[in-house]
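*Asks:* Here you go, one structure.
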Amino acid sequence: MDRPDLLLAYLDPMSGSLILQAIIAGVLGGIVTMKRAGVSARELVRRAWRRLTG
Amino acid sequence: MTASPERIRGSFRDPSGFLYTRNGTLLRQVQERYRPSYELLRSSGLYAALTAEGLLVPHSERALDEAAEPGAAFVLAPERIPFLSLPYEWCVGQRQAAALLTLRIQEVALAHGMVLKDASAFNVQFCGVTPVFIDTLSFAPYVEGEPWVAYRQFCQHFLAPLALQSRRDVRLGALLRQHLDGIPLDLASALLPRRSWLQPSLLMHVHLHAKSIAQHASTRAPERAVRAAPRVSRAGLEGIVTSLRRAIDGITWRGGTEGGDYEEAHNEDDGGRRGEGARVRSFIQEAQARRVLDLGANAGEYSRVARSAGAELVIAADGDFMAVERGFQRLRSRGETGIHPLVVDLTNPAPAQGWDHAEWMSFADRAAADAVMALALVHHLAIGNNVPLVGVASMLARLGREVIIEWVPKADPQVQRLLRAREDIFDGYTVEGLLQAFAGIGLQPVRRAPVGDSGRVLFRFARESGV
């Protein structure tokens with residue numbers, strides 16, 4: 001067991017739930033990080049567009 | 001120790017500890033295996049922060065020789081909650097408040113380096129209309145990168161029922177009575193309207209969540225699944241909690257099935273009741289009732305009267321979601337305490353539930369009070385549900401030592417409305433029949449007062465010795 005702390009969950013968290021959670025966390029965490037850095041979604045798109053169009 | 005400990009039979013699932021009583025005092029034994037978490041709960045300041053905000057039930061630490069069994073690291077005496085309600089007895093607003101409490105606790109816990117390892121709705125109780133978390137052993141140290149193990153449980157216990165009740169039908173809250181670990185997400189997903197797929201929070205936390213669980217259900221070795229558990233950054237975890245909070249916050253229930261004519265119908269019902277409040281107040285005072293059960297409470301108008309008559313706790317039970325919701329919201333906005341609204345169908349109240357019929361007590365065993373009020377209720381049970389008056393009397397007497405009744409005679413428009421489309425098979429529905437029914441179980445009408453000229457009568461039934 002390399003993650004013994006998860007065993008603190010005496011109820012089965014279900015692997016499908018954990019995987020989905022990680023995906024959602026990736027998206028939502030990205031938004032949180034962006035907001036903290038003061039970057040808006042529009043700004044991200046603009047940057048990506050600039051990079052693409054050189 | 002004068003008495004042997006009596007273990008609370010429903011307290012067995014979490015190996016971190018269990019509840020028991022000794023000499024009538026409620027105690028919680030914290031097992032040695034939970035010691036590090038409990039010590040962190042104290043030393044991180046989380047316990048102090050949560051109890052200061054009134055989010056977690058406070059406790060005092062007791063001597064170890066009060067432990068019930070070997071293996072104790074600590075013995076706690078939690079403050080007692082006066083009345084335990086179950087999630088399938090809550091109105092939408094109560095469920096929403098309990099959900100927001102759970103998320104708030106998760107946020108405060110994270111700020112102190114801990115997480116909720118358990119997000120069961122059964123861990124929330126209400127003091128009046130204020131939710132409080134009762135499971136002191138639900139906290140685990142937060143490890144950066146770990147997913148939230150209680151995420152699915154939160155969705156099943158809170159988000160799914162709230163979404164179903166607000167977006168499909170409020171009566172679907174009753175599914176929680178069957179599914180004690182929350183509504184399975186595949187079931188919620190199947191029952192929710194199609195347009196709920198367009199709502200990002202329900203799409204993520206219910207629909208895709210259900211699909212992901214189904215897709216990975218065949219993973220053979222649980223160890224492999226745990227080892228493969230993907231990383232969830234702290235920002236991601238916070239994002240999930242924020243997203244859940246917004247989803248719960250955004251839920252509004254517009255009254256669904258009851259429609260707008262509800263208030264009018266009930267005003268009519270209350271027509272003959274003006275001036276009755278003073279009588280009810282004096283009956284409650286005479287009964288010296290500290291705990292009152294108001295059955296058919298509607299939005300709790302007379303529960304407030306009982307409270308003003310000195311009752312410390314009034315359980316305001318009604319079968320109508322809309323009425324209970326209105327009562328709950330009113331009490332919240334006025335900041336009134338000591339009244340606990342509750343959704344109860346008296347023709348089918350909550351039975352003893354769960355493992356071995358012992359995890360959760362029946363409504364009757366939880367709600368028993370000093371006095372039971374049944375104002376303009378008996379005709380609903382006797383005529384609306386064909387219960388003989390003897391049955392009504394014994395049910396009421398089981399719930400309280402004194403019974404206060406507003407008798408509605410057969411000639412009353414309310415009773416006539418019930419009889420409009422059916423044969424009158426209720427020859428026994430008379431005041432004499434009522435008095436006989438109560439006499440049969442040893443209760444006498446120690447007080448009686450007519451309600452204006454409506455033909456209705458207020459009774460206070462008590463044992464002869466209690467006059």
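Chains: A, B, ... in order of the structure tokens. Residues: from 1 per chain. Ligands: from 1, in order shown.
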When you get a sec, could you note down which chain A residues fall within 6 Å of chain B, using only C-alpha atoms, as a PyMOL selection string?
*Replies:* chain A and resi 9+13+15-17+22+25-26+28-29
*Asks:* Could those residues be written to a file, using N, CA, C and O atoms, as a PDB file, in the first residue's frame?
*Replies:*
```pdb
ATOM      1  N   ALA A   9     -10.465   6.080   4.915  1.00  0.00           N
ATOM      2  CA  ALA A   9     -11.842   6.019   4.454  1.00  0.00           C
ATOM      3  C   ALA A   9     -12.351   4.624   4.761  1.00  0.00           C
ATOM      4  O   ALA A   9     -11.950   3.664   4.131  1.00  0.00           O
ATOM      5  N   PRO A  13     -14.623   4.546  -1.334  1.00  0.00           N
ATOM      6  CA  PRO A  13     -14.841   5.764  -2.107  1.00  0.00           C
ATOM      7  C   PRO A  13     -15.151   5.467  -3.576  1.00  0.00           C
ATOM      8  O   PRO A  13     -15.600   6.346  -4.304  1.00  0.00           O
ATOM      9  N   SER A  15     -13.498   3.537  -7.075  1.00  0.00           N
ATOM     10  CA  SER A  15     -12.425   4.021  -7.942  1.00  0.00           C
ATOM     11  C   SER A  15     -12.942   4.950  -9.038  1.00  0.00           C
ATOM     12  O   SER A  15     -12.320   5.953  -9.358  1.00  0.00           O
ATOM     13  N   GLY A  16     -14.109   4.647  -9.583  1.00  0.00           N
ATOM     14  CA  GLY A  16     -14.658   5.491 -10.640  1.00  0.00           C
ATOM     15  C   GLY A  16     -14.915   6.902 -10.148  1.00  0.00           C
ATOM     16  O   GLY A  16     -14.731   7.877 -10.890  1.00  0.00           O
ATOM     17  N   SER A  17     -15.303   7.004  -8.883  1.00  0.00           N
ATOM     18  CA  SER A  17     -15.560   8.315  -8.296  1.00  0.00           C
ATOM     19  C   SER A  17     -14.250   9.087  -8.132  1.00  0.00           C
ATOM     20  O   SER A  17     -14.171  10.277  -8.420  1.00  0.00           O
ATOM     21  N   ALA A  22     -10.630  13.396  -9.955  1.00  0.00           N
ATOM     22  CA  ALA A  22      -9.328  13.922 -10.384  1.00  0.00           C
ATOM     23  C   ALA A  22      -9.474  14.738 -11.671  1.00  0.00           C
ATOM     24  O   ALA A  22      -8.846  15.785 -11.835  1.00  0.00           O
ATOM     25  N   ALA A  25     -11.226  17.938 -10.740  1.00  0.00           N
ATOM     26  CA  ALA A  25     -10.290  18.762  -9.967  1.00  0.00           C
ATOM     27  C   ALA A  25      -9.274  19.416 -10.895  1.00  0.00           C
ATOM     28  O   ALA A  25      -8.872  20.560 -10.680  1.00  0.00           O
ATOM     29  N   GLY A  26      -8.876  18.684 -11.942  1.00  0.00           N
ATOM     30  CA  GLY A  26      -7.932  19.254 -12.897  1.00  0.00           C
ATOM     31  C   GLY A  26      -8.514  20.505 -13.550  1.00  0.00           C
ATOM     32  O   GLY A  26      -7.864  21.549 -13.622  1.00  0.00           O
ATOM     33  N   LEU A  28     -11.328  22.315 -12.535  1.00  0.00           N
ATOM     34  CA  LEU A  28     -11.693  23.367 -11.573  1.00  0.00           C
ATOM     35  C   LEU A  28     -10.454  23.962 -10.910  1.00  0.00           C
ATOM     36  O   LEU A  28     -10.389  25.164 -10.665  1.00  0.00           O
ATOM     37  N   GLY A  29      -9.471  23.098 -10.646  1.00  0.00           N
ATOM     38  CA  GLY A  29      -8.224  23.577 -10.034  1.00  0.00           C
ATOM     39  C   GLY A  29      -7.520  24.544 -10.967  1.00  0.00           C
ATOM     40  O   GLY A  29      -6.963  25.562 -10.540  1.00  0.00           O
TER      41      GLY A  29
END
```
*Asks:* Give me, as a PyMOL selection string, all polymer residues having an atom no more than 12 Å from range 64-72 of chain B, counting only C-alpha atoms and skipping those fewer than 5 positions away in the same chain.
*Replies:* chain B and resi 1-8+15-23+25-35+77
*Asks:* Residues near Gln436 in chain B, anyone? I mean within 12 Å using only C-alpha atoms, not counting same-chain ones fewer than 2 positions away, as an MDAnalysis selection string.
*Replies:* chainID B and resid 388:394 428:434 438:445 461
*Asks:* Do a neighbour search on Tyr88 in chain B at 6 Å with only C-alpha atoms, toss out local chain neighbours closer than 4 positions, and write the hits as a PyMOL selection string.
*Replies:* chain B and resi 174+176-177
*Asks:* Please provide the set of residues having any atom within 12 Å of Arg254 in chain B, restricted to only C-alpha atoms, with same-chain residues fewer than 4 positions apart removed, written as a list in words.
*Replies:*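 The neighbour list is Val92, Gly93, Gln165, Ser166, Arg167, Arg168, Asp169, Val170, Glu258, Gly259, Gly260, Phe321, Met322, Glu325 and Arg326 of chain B.
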*Asks:* Could the residues in this selection be saved with C-alpha atoms as a compact mmCIF listing (two decimals), in the first residue's frame?
*Replies:*
```
# COMPACT_ATOMS: atom_id res chain seq x y z
CA VAL B 92 -35.53 21.07 1.04
CA GLY B 93 -34.25 24.07 3.03
CA GLN B 165 -36.38 17.34 -5.23
CA SER B 166 -35.93 20.74 -6.85
CA ARG B 167 -35.76 19.69 -10.50
CA ARG B 168 -38.00 16.64 -10.63
CA ASP B 169 -40.32 16.20 -7.65
CA VAL B 170 -39.96 17.10 -3.99
CA GLU B 258 -48.60 22.09 -3.94
CA GLY B 259 -49.13 25.11 -6.13
CA GLY B 260 -50.02 28.64 -5.14
CA PHE B 321 -43.35 19.68 2.24
CA MET B 322 -44.51 23.17 1.39
CA GLU B 325 -40.51 24.56 4.12
CA ARG B 326 -42.42 27.76 4.86
```
*Asks:* Can you tell me which residues surround range 284-293 of chain B at a distance of at most 8 Å, considering only C-alpha atoms, apart from same-chain residues fewer than 2 positions away, and format the answer as a list in words?
*Replies:*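 Listing them by chain and then by number gives Val280, Arg281, Ser282, Leu295, Ala306, Ala309, Gly310, Ala311, Glu312, Leu313, Val314, Ile315, Ala316, Ala317, Ala367, Ala368, Ala369, Asp370, Ala371, Val372, Met373, Leu399, Gly400 and Glu402 of chain B.
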*Asks:* What does the distance from CA of Asp356 in chain B to CA of Pro161 in chain B come to in Å, to one decimal?
*Replies:* 25.2 Å
*Asks:* Taking into account only C-alpha atoms, which residue in the set B:Val206, B:Met114, B:Leu56, B:Ala73 is nearest to Thr102 in chain B?
*Replies:* B:Leu56
*Asks:* Please report the interatomic distance between CA of Ile383 in chain B and CA of Met395 in chain B in Å with one decimal.
*Replies:* 15.6 Å
